[in-house]
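*Asks:* The structure file start.cif (mmCIF, C-alpha atoms and all ligand atoms) is provided below.
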```
data_final
#
loop_
_atom_site.label_atom_id
_atom_site.label_comp_id
_atom_site.auth_asym_id
_atom_site.auth_seq_id
_atom_site.Cartn_x
_atom_site.Cartn_y
_atom_site.Cartn_z
CA MET A 42 19.57 -17.47 22.58
CA THR A 43 16.70 -18.46 20.29
CA TYR A 44 17.86 -20.30 17.18
CA VAL A 45 16.13 -19.62 13.91
CA THR A 46 13.41 -21.86 12.50
CA GLU A 47 11.00 -21.30 9.63
CA ASP A 48 8.28 -20.86 12.27
CA ASN A 49 9.95 -18.27 14.48
CA LEU A 50 11.88 -16.24 11.87
CA THR A 51 9.15 -13.63 11.30
CA ASP A 52 8.77 -12.94 15.03
CA LEU A 53 12.55 -12.70 15.45
CA ALA A 54 12.85 -10.24 12.56
CA ILE A 55 9.95 -8.09 13.81
CA GLU A 56 11.50 -8.02 17.28
CA ARG A 57 14.89 -6.97 15.90
CA TRP A 58 13.31 -4.23 13.75
CA SER A 59 11.48 -2.93 16.83
CA ASN A 60 14.79 -1.57 18.03
CA ILE A 61 14.25 1.88 16.45
CA PRO A 62 13.96 5.01 18.63
CA ASP A 63 11.76 6.96 16.14
CA PRO A 64 8.21 5.59 16.80
CA ARG A 65 6.90 6.24 13.27
CA LEU A 66 9.91 4.55 11.59
CA ARG A 67 9.54 1.66 14.08
CA GLN A 68 5.85 1.30 13.13
CA ILE A 69 6.67 1.40 9.40
CA MET A 70 9.57 -1.07 9.55
CA THR A 71 7.87 -3.64 11.77
CA ALA A 72 4.77 -3.55 9.53
CA LEU A 73 7.01 -3.89 6.46
CA VAL A 74 8.78 -6.95 7.91
CA LYS A 75 5.46 -8.49 8.95
CA HIS A 76 3.78 -8.04 5.54
CA LEU A 77 6.88 -8.90 3.50
CA HIS A 78 7.30 -12.14 5.42
CA GLY A 79 3.57 -12.81 4.98
CA PHE A 80 3.93 -12.30 1.22
CA VAL A 81 6.93 -14.65 1.01
CA ARG A 82 5.16 -17.28 3.16
CA GLU A 83 2.14 -17.07 0.84
CA ILE A 84 3.97 -17.36 -2.50
CA GLU A 85 6.90 -19.56 -1.35
CA PRO A 86 9.30 -18.31 -4.07
CA THR A 87 12.10 -20.46 -5.42
CA PRO A 88 15.57 -18.84 -5.26
CA ALA A 89 15.34 -18.21 -9.04
CA GLU A 90 11.97 -16.45 -8.64
CA TRP A 91 13.33 -14.33 -5.78
CA PHE A 92 16.30 -13.34 -7.93
CA THR A 93 13.90 -12.42 -10.78
CA ALA A 94 12.08 -10.09 -8.39
CA ILE A 95 15.35 -8.48 -7.24
CA ASP A 96 16.54 -8.14 -10.82
CA TRP A 97 13.23 -6.45 -11.78
CA LEU A 98 13.58 -3.98 -8.90
CA THR A 99 17.22 -3.33 -9.82
CA ARG A 100 16.37 -2.61 -13.46
CA THR A 101 13.41 -0.44 -12.38
CA GLY A 102 15.74 1.67 -10.23
CA LYS A 103 18.24 2.01 -13.08
CA LEU A 104 15.51 3.39 -15.36
CA CYS A 105 14.77 6.26 -12.97
CA THR A 106 16.21 9.67 -13.86
CA ASP A 107 15.08 13.25 -13.19
CA LYS A 108 12.80 12.85 -16.25
CA ARG A 109 11.47 9.32 -15.66
CA GLN A 110 10.25 7.60 -12.48
CA GLU A 111 9.50 3.95 -13.12
CA PHE A 112 8.83 3.24 -9.41
CA ILE A 113 6.03 5.85 -9.37
CA LEU A 114 4.58 4.20 -12.47
CA ALA A 115 4.74 0.83 -10.67
CA SER A 116 2.96 2.38 -7.67
CA ASP A 117 0.35 3.87 -10.05
CA VAL A 118 -0.51 0.66 -11.90
CA LEU A 119 -0.66 -1.35 -8.66
CA GLY A 120 -3.26 1.09 -7.27
CA VAL A 121 -0.96 2.21 -4.45
CA SER A 122 -0.68 5.85 -5.59
CA MET A 123 -4.48 6.18 -5.55
CA LEU A 124 -4.64 4.53 -2.11
CA VAL A 125 -2.09 6.99 -0.68
CA ASP A 126 -4.05 9.81 -2.35
CA ALA A 127 -7.36 8.60 -0.86
CA ILE A 128 -5.90 8.27 2.65
CA ASN A 129 -4.51 11.80 2.49
CA ASN A 130 -7.56 13.47 0.90
CA ARG A 131 -10.55 12.41 2.99
CA LEU A 132 -12.63 15.36 1.80
CA SER A 133 -16.26 16.25 2.37
CA THR A 134 -18.46 14.45 -0.18
CA ALA A 135 -19.58 17.92 -1.30
CA ALA A 136 -16.00 18.80 -2.36
CA THR A 137 -14.39 17.97 -5.71
CA PRO A 138 -12.54 14.67 -5.16
CA SER A 139 -8.82 14.31 -5.74
CA THR A 140 -7.09 11.88 -8.04
CA VAL A 141 -3.53 10.90 -8.92
CA GLU A 142 -1.14 13.70 -9.99
CA GLY A 143 0.85 11.60 -12.46
CA PRO A 144 4.37 12.29 -13.74
CA PHE A 145 3.64 15.01 -16.30
CA HIS A 146 2.95 17.98 -14.02
CA ILE A 147 5.45 20.79 -14.64
CA HIS A 148 5.55 23.57 -12.05
CA ASP A 149 5.53 27.31 -12.77
CA SER A 150 3.36 27.21 -15.88
CA PRO A 151 2.72 30.58 -17.51
CA GLU A 152 -0.37 32.54 -16.46
CA VAL A 153 -2.95 32.76 -19.23
CA ALA A 154 -5.75 35.35 -19.15
CA HIS A 155 -9.42 34.43 -18.56
CA GLY A 156 -10.61 32.63 -21.71
CA GLY A 157 -7.09 32.55 -23.20
CA ASP A 158 -5.73 29.65 -25.25
CA MET A 159 -3.30 27.27 -23.51
CA ALA A 160 -3.08 25.11 -26.64
CA ALA A 161 -1.94 27.68 -29.20
CA GLY A 162 -0.36 25.80 -32.10
CA ALA A 163 -1.19 22.35 -30.71
CA PRO A 164 -3.07 19.74 -32.75
CA GLY A 165 -6.61 18.91 -31.70
CA GLU A 166 -10.22 19.98 -31.63
CA PRO A 167 -10.81 23.31 -29.79
CA CYS A 168 -12.27 22.75 -26.34
CA PHE A 169 -13.70 25.36 -23.94
CA VAL A 170 -13.80 24.56 -20.23
CA THR A 171 -15.75 27.00 -18.06
CA GLY A 172 -17.28 27.12 -14.59
CA THR A 173 -16.70 28.42 -11.12
CA VAL A 174 -14.55 27.66 -8.12
CA ARG A 175 -16.58 27.78 -4.93
CA GLY A 176 -16.43 26.62 -1.36
CA VAL A 177 -18.46 23.76 0.11
CA GLY A 178 -20.77 26.45 1.52
CA GLY A 179 -21.49 27.73 -2.02
CA GLU A 180 -19.44 30.95 -1.78
CA PRO A 181 -17.52 31.91 -4.96
CA VAL A 182 -13.74 31.76 -4.51
CA ALA A 183 -12.11 34.80 -6.08
CA GLY A 184 -8.46 34.64 -7.15
CA ALA A 185 -8.26 30.83 -7.08
CA GLU A 186 -5.48 29.42 -9.26
CA LEU A 187 -6.21 26.62 -11.70
CA ASP A 188 -2.96 24.94 -12.73
CA VAL A 189 -3.95 22.97 -15.84
CA TRP A 190 -2.03 20.38 -17.89
CA GLN A 191 -3.01 17.71 -20.39
CA THR A 192 -2.11 15.92 -23.60
CA ASP A 193 -2.58 17.58 -26.93
CA GLY A 194 -5.00 16.13 -29.48
CA GLU A 195 -2.40 13.49 -30.42
CA GLY A 196 -2.12 12.20 -26.85
CA LEU A 197 1.28 13.74 -26.03
CA TYR A 198 2.42 15.81 -23.04
CA GLU A 199 5.08 18.50 -23.15
CA ALA A 200 7.69 16.05 -21.77
CA GLN A 201 6.99 13.77 -24.75
CA ARG A 202 7.40 16.53 -27.36
CA ASP A 203 10.54 18.24 -28.52
CA VAL A 204 9.21 21.76 -27.90
CA GLU A 205 10.58 25.08 -26.66
CA GLY A 206 8.47 26.70 -23.95
CA ALA A 207 5.24 25.64 -22.32
CA TRP A 208 3.08 23.10 -24.19
CA MET A 209 -0.47 22.25 -23.12
CA ARG A 210 -0.17 23.79 -19.66
CA ALA A 211 -1.13 27.08 -18.04
CA VAL A 212 -2.27 28.74 -14.85
CA TYR A 213 -5.70 30.47 -14.92
CA ARG A 214 -7.17 32.60 -12.15
CA THR A 215 -10.81 33.06 -11.13
CA GLY A 216 -12.36 36.52 -11.18
CA GLY A 217 -14.28 38.17 -8.31
CA ASP A 218 -17.33 36.01 -9.15
CA GLY A 219 -15.26 32.79 -8.89
CA ARG A 220 -15.55 32.14 -12.63
CA TYR A 221 -12.82 30.68 -14.84
CA ALA A 222 -12.63 30.12 -18.61
CA ILE A 223 -10.10 27.95 -20.43
CA ARG A 224 -9.51 27.49 -24.15
CA THR A 225 -7.63 24.29 -24.97
CA VAL A 226 -7.98 21.24 -27.23
CA SER A 227 -9.85 18.03 -26.41
CA PRO A 228 -7.52 15.50 -24.76
CA ILE A 229 -7.47 11.90 -25.97
CA GLY A 230 -6.75 8.62 -24.15
CA TYR A 231 -3.14 7.48 -24.08
CA THR A 232 -0.93 4.64 -22.94
CA VAL A 233 1.30 4.86 -19.88
CA PRO A 234 4.99 4.31 -20.80
CA MET A 235 5.34 0.66 -21.83
CA ASP A 236 9.03 0.60 -22.79
CA GLY A 237 10.32 -0.09 -19.26
CA THR A 238 10.06 -2.72 -16.55
CA VAL A 239 6.43 -1.83 -15.75
CA GLY A 240 5.52 -2.32 -19.42
CA GLU A 241 7.44 -5.62 -19.45
CA LEU A 242 5.28 -6.82 -16.56
CA MET A 243 2.03 -5.42 -18.01
CA GLU A 244 2.70 -7.28 -21.29
CA ARG A 245 2.40 -10.54 -19.32
CA THR A 246 -1.10 -9.58 -18.13
CA ARG A 247 -4.43 -8.90 -19.81
CA ILE A 248 -4.61 -5.48 -18.10
CA SER A 249 -5.27 -2.44 -20.31
CA HIS A 250 -2.32 0.00 -20.28
CA MET A 251 -4.52 2.94 -21.35
CA ARG A 252 -5.69 6.03 -19.49
CA PRO A 253 -9.04 7.56 -20.52
CA ALA A 254 -9.00 11.12 -21.94
CA HIS A 255 -8.65 13.67 -19.15
CA ILE A 256 -7.51 17.17 -18.23
CA HIS A 257 -5.38 17.61 -15.09
CA PHE A 258 -6.05 20.38 -12.57
CA GLU A 259 -4.49 21.58 -9.37
CA VAL A 260 -6.87 24.12 -7.85
CA ARG A 261 -5.41 26.33 -5.11
CA ALA A 262 -6.82 29.21 -3.07
CA PRO A 263 -5.78 30.75 0.27
CA GLY A 264 -7.89 29.39 3.13
CA TYR A 265 -8.90 26.27 1.15
CA LYS A 266 -7.40 22.80 0.81
CA SER A 267 -5.80 22.49 -2.65
CA VAL A 268 -7.12 19.70 -4.82
CA THR A 269 -5.18 17.79 -7.47
CA THR A 270 -7.65 16.16 -9.79
CA HIS A 271 -8.74 15.42 -13.38
CA LEU A 272 -11.86 15.90 -15.48
CA PHE A 273 -12.58 12.75 -17.51
CA ARG A 274 -14.50 12.63 -20.77
CA ARG A 275 -17.80 10.78 -20.32
CA GLY A 276 -18.15 7.86 -22.76
CA ASP A 277 -14.39 7.36 -23.21
CA GLN A 278 -13.66 3.74 -24.08
CA TYR A 279 -11.09 3.40 -21.26
CA ILE A 280 -13.11 5.01 -18.47
CA GLU A 281 -13.85 1.74 -16.68
CA THR A 282 -10.38 0.26 -17.05
CA ASP A 283 -8.12 3.23 -16.25
CA VAL A 284 -4.72 1.60 -15.70
CA VAL A 285 -3.95 3.82 -12.67
CA PHE A 286 -7.44 3.54 -11.02
CA GLY A 287 -7.84 7.33 -11.21
CA VAL A 288 -11.51 7.60 -12.24
CA LYS A 289 -14.07 8.79 -9.67
CA GLU A 290 -17.69 9.19 -10.70
CA PRO A 291 -18.02 12.95 -9.86
CA LEU A 292 -15.03 13.68 -12.14
CA ILE A 293 -16.70 12.31 -15.30
CA VAL A 294 -18.06 15.21 -17.34
CA ASP A 295 -19.80 15.78 -20.65
CA PHE A 296 -17.64 17.06 -23.49
CA GLN A 297 -20.48 18.56 -25.54
CA GLU A 298 -19.76 18.48 -29.26
CA LYS A 299 -20.82 21.56 -31.28
CA GLN A 300 -20.57 21.64 -35.06
CA SER A 301 -19.93 25.41 -35.21
CA GLY A 302 -21.18 28.59 -33.57
CA GLU A 303 -20.47 30.94 -30.70
CA THR A 304 -18.00 29.66 -28.14
CA PRO A 305 -18.20 30.29 -24.38
CA ASN A 306 -15.48 32.93 -24.65
CA GLY A 307 -17.40 34.86 -27.29
CA GLU A 308 -15.58 33.70 -30.45
CA ARG A 309 -17.36 32.34 -33.50
CA LEU A 310 -16.02 29.08 -34.92
CA GLU A 311 -16.99 27.58 -38.26
CA ALA A 312 -15.49 24.20 -37.26
CA PRO A 313 -16.44 21.60 -34.62
CA PHE A 314 -15.50 22.30 -31.00
CA CYS A 315 -16.26 20.97 -27.53
CA GLU A 316 -17.74 22.57 -24.43
CA VAL A 317 -17.18 21.39 -20.86
CA ARG A 318 -18.81 22.97 -17.81
CA TYR A 319 -17.58 22.13 -14.34
CA ASP A 320 -17.74 23.80 -10.92
CA PHE A 321 -14.82 22.97 -8.63
CA VAL A 322 -15.78 22.82 -4.94
CA LEU A 323 -13.05 23.37 -2.35
CA GLN A 324 -13.06 22.52 1.33
CA ARG A 325 -11.81 25.16 3.78
CA THR A 326 -8.59 24.37 5.62
CA ALA A 327 -9.06 23.79 9.34
CA THR A 328 -8.83 27.06 11.28
C1 LIG A 401 -1.14 10.96 -16.04
O1 LIG A 401 -2.34 11.09 -15.99
O2 LIG A 401 -0.53 11.90 -16.52
C2 LIG A 401 -0.47 9.70 -15.58
C3 LIG A 401 -0.77 9.20 -14.33
C4 LIG A 401 -0.14 8.05 -13.90
C5 LIG A 401 0.75 7.39 -14.72
C6 LIG A 401 1.03 7.90 -15.99
C7 LIG A 401 0.41 9.05 -16.42
FE FE A 402 -2.58 12.47 -17.66
#
```
As structure tokens, how would this structure be written, given the file I've shared?

*Replies:*
Amino acid sequence: MTYVTEDNLTDLAIERWSNIPDPRLRQIMTALVKHLHGFVREIEPTPAEWFTAIDWLTRTGKLCTDKRQEFILASDVLGVSMLVDAINNRLSTAATPSTVEGPFHIHDSPEVAHGGDMAAGAPGEPCFVTGTVRGVGGEPVAGAELDVWQTDGEGLYEAQRDVEGAWMRAVYRTGGDGRYAIRTVSPIGYTVPMDGTVGELMERTRISHMRPAHIHFEVRAPGYKSVTTHLFRRGDQYIETDVVFGVKEPLIVDFQEKQSGETPNGERLEAPFCEVRYDFVLQRTAT
């Protein structure tokens, strides 16, 4: 029998948590014990500090519902969501990179025709996003689905509005030439939810709680790896301090301001609008 000391406790706990038949769970739990003990040895918490941590975790769990996930937000602001995303999306450098999905994606959005308006009735400056979906080899991808969601021009998602039916989200489909055309409104930067335990912690830091303006996409096509990503507005004031570490250089695009004139979907507007051009590049799934 080995009695416990401060020195041997980590080894004893790792050994005990090695007694797991499932090899993957054994790997996860022994690494968790090792790193958690390492963290505690580094910070040497007082009992009051340890209770504060447990209380924070308890209150974070209590905030979670089917509409709100404070633990995901914690994972996002700590950079862990983007790390998991990077590990699981090691794509060719020629492919459009992935970024964090975020909590505002709603499945089964309505299909909107090529060039149709997914922002009908929403506040904001009209914005036209056009381009192609192609493979890494340059071939156009016909029939690719672009599942699109974003804030309106006041920085709010559907889940933050009291609306009936779809708001600021739609599914578009590429034609035989791989082209897509979206009419929407320009997104603006917004704050992540600050009224919970993550906000409470952020308030004690000098970290920005803002996300730069972006449009979310999930691009899917048979035979290709789906990509969940964003397009970010070049020049946005929060681009270098995105609170969830979501910005990757190839995803920053020009939102070209036009004062009036013909739009990419053939309309004529006598008011300012924005044009964005972007070609999504998908990697084939392994055969
Ligand atoms: C978003 O872009 O929708 C988002 C991502 C992470 C946390 C909060 C919002
Ligand atoms: Fe977002």

*Asks:* So which residues are close to (-0.3, 23.5, -14.5), meaning at most 9 Å away in the file's coordinates with all atoms listed in the file counted, and can you show them as an MDAnalysis selection string?

*Replies:* chainID A and resid 146:151 187:191 209:213 257:259

*Asks:* Work out how far apart atom CA of Gly79 of chain A and atom CA of Glu241 of chain A are and give it in Å to one decimal.

*Replies:*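 Between atom CA of Gly79 of chain A and atom CA of Glu241 of chain A the gap is 25.8 Å.
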
*Asks:* Please identify all protein, DNA and RNA residues within 9 Å of ligand LIG 401 (chain A), counting only C-alpha atoms and all ligand atoms, and report them as JSON, numbers by chain.

*Replies:* {"A": [113, 114, 115, 116, 117, 118, 122, 141, 142, 143, 144, 145, 146, 190, 191, 192, 198, 231, 232, 233, 234, 252, 253, 254, 255, 256, 257, 271, 284, 285, 287]}

*Asks:* From the set A:Arg274, A:Asp236, A:Leu197, A:Ser227, which residue has the shortest atom-to-atom contact distance to ligand FE 402 (chain A), counting only C-alpha atoms and all ligand atoms?

*Replies:*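 Result for the nearest residue to ligand FE 402 (chain A): A:Leu197.
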
*Asks:* Could you jot down the atom CA of Arg67 of chain A to atom CA of Asn130 of chain A separation for me, Å, one decimal place?

*Replies:*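 Atom CA of Arg67 of chain A sits 24.6 Å away from atom CA of Asn130 of chain A.
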
*Asks:* Please compute the atom CA of Val317 of chain A-atom CA of Ala262 of chain A distance, one decimal, in Å.

*Replies:*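 Going from atom CA of Val317 of chain A over to atom CA of Ala262 of chain A covers 22.0 Å.
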
*Asks:* Choose the residue, out of A:Asp218, A:Glu166, A:Glu303, A:Asp193, that has the smallest atom-to-atom separation from ligand FE 402 (chain A); count all atoms listed in the file.

*Replies:*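 Checking each candidate against ligand FE 402 (chain A), we get A:Asp193 as the closest.
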